[in-house]
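Trainee: Before we start, here is the structure in question, set down as structure tokens.
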Amino acid sequence: LTLTANYADNIRKAVSSSVAVGLPSEKVGDKIYGDGETVISVGASHEYGANGLPRRSFLRLPFEVNKTEINKAIAKQFEDVAVRGKPAARALGLIGVIATNYSKEAFVTRGFGQWPDISQSTKEAKGSSQILIDTGTLRNSITYVVRSD
């Protein structure tokens, strides 16, 4: 009976919890660049293409490109929760790590080859041709958080 109760509780926690990947406010909300702009604001400008910047998605694009692998990881973790009794928070945390890594991979692959190049003047000003990599603050701020209802 205790095993059944634990199983039901674990399933309940799994379906009432989620993992947020990207720049979750509870972990990144207070990070600010030297000019006073928040990391979340800079990230949104690049993700959606705003404030004169072209769209360089580091969240939606990597998740779309790696959708099959992410879905397999979600299915595997849900099976581990449902069948093997793995704690839901631990399973969601693993999914968060996997998705965070895919997001960070976008920075080294130039958006999986899909980001528009930076201008020649930007290359000269920063002394590099790397896209979205200057101080590393944005990339290093990408993380995840497990949320429960």
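Quick note on naming: the chains in the structure tokens go A, B, ... in the order shown, residues restart at 1 in each chain, and ligands are numbered from 1 in order of appearance.
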Can you list every residue in stretch 14-101 of chain A that DSSP puts in strand (DSSP E or B), as a PyMOL selection string?

Mentor: chain A and resi 17-22+32+38

Trainee: Please provide as a PyMOL selection string all residues within 7 Å of A:Ile142, with the sequence filter that same-chain residues fewer than 3 positions apart are discarded (counting only C-alpha atoms).

Mentor: chain A and resi 22-23+100+138-139

Trainee: Restrict the selected residues to N, CA and C atoms and save them as a PDB file, in the first residue's frame.

Mentor:
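Once written, again06.pdb looks like this:
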ATOM      1  N   GLY A  22      16.132  28.585 -19.899  1.00  0.00           N
ATOM      2  CA  GLY A  22      16.444  29.853 -20.554  1.00  0.00           C
ATOM      3  C   GLY A  22      17.036  30.826 -19.563  1.00  0.00           C
ATOM      4  N   LEU A  23      16.295  31.887 -19.313  1.00  0.00           N
ATOM      5  CA  LEU A  23      16.729  32.915 -18.372  1.00  0.00           C
ATOM      6  C   LEU A  23      15.649  33.087 -17.304  1.00  0.00           C
ATOM      7  N   THR A 100      19.282  22.932 -21.490  1.00  0.00           N
ATOM      8  CA  THR A 100      20.253  24.014 -21.293  1.00  0.00           C
ATOM      9  C   THR A 100      21.477  23.795 -22.180  1.00  0.00           C
ATOM     10  N   LEU A 138      25.593  36.356 -21.387  1.00  0.00           N
ATOM     11  CA  LEU A 138      24.307  35.801 -21.802  1.00  0.00           C
ATOM     12  C   LEU A 138      24.355  34.276 -21.838  1.00  0.00           C
ATOM     13  N   ARG A 139      25.318  33.739 -22.531  1.00  0.00           N
ATOM     14  CA  ARG A 139      25.437  32.277 -22.638  1.00  0.00           C
ATOM     15  C   ARG A 139      25.573  31.634 -21.260  1.00  0.00           C
TER      16      ARG A 139
END

Trainee: Determine which residues of stretch 60-121 of chain A DSSP labels as helix (DSSP H, G or I) from the backbone of this structure, then write them out as number ranges by chain.

Mentor: A: 60-65, 67-84, 88-108, 120-121

Trainee: Near A:Trp115, counting only C-alpha atoms, which residues have an atom at most 12 Å away, once you skip same-chain residues fewer than 2 positions from it, shown as a list in words?

Mentor: His46, Glu47, Gly49, Leu53, Pro54, Arg55, Arg56, Ser57, Phe58, Leu61, Pro62, Ala106, Phe107, Val108, Thr109, Arg110, Gly111, Phe112, Gly113, Asp117, Ile118, Gln130, Ile131 and Leu132 of chain A
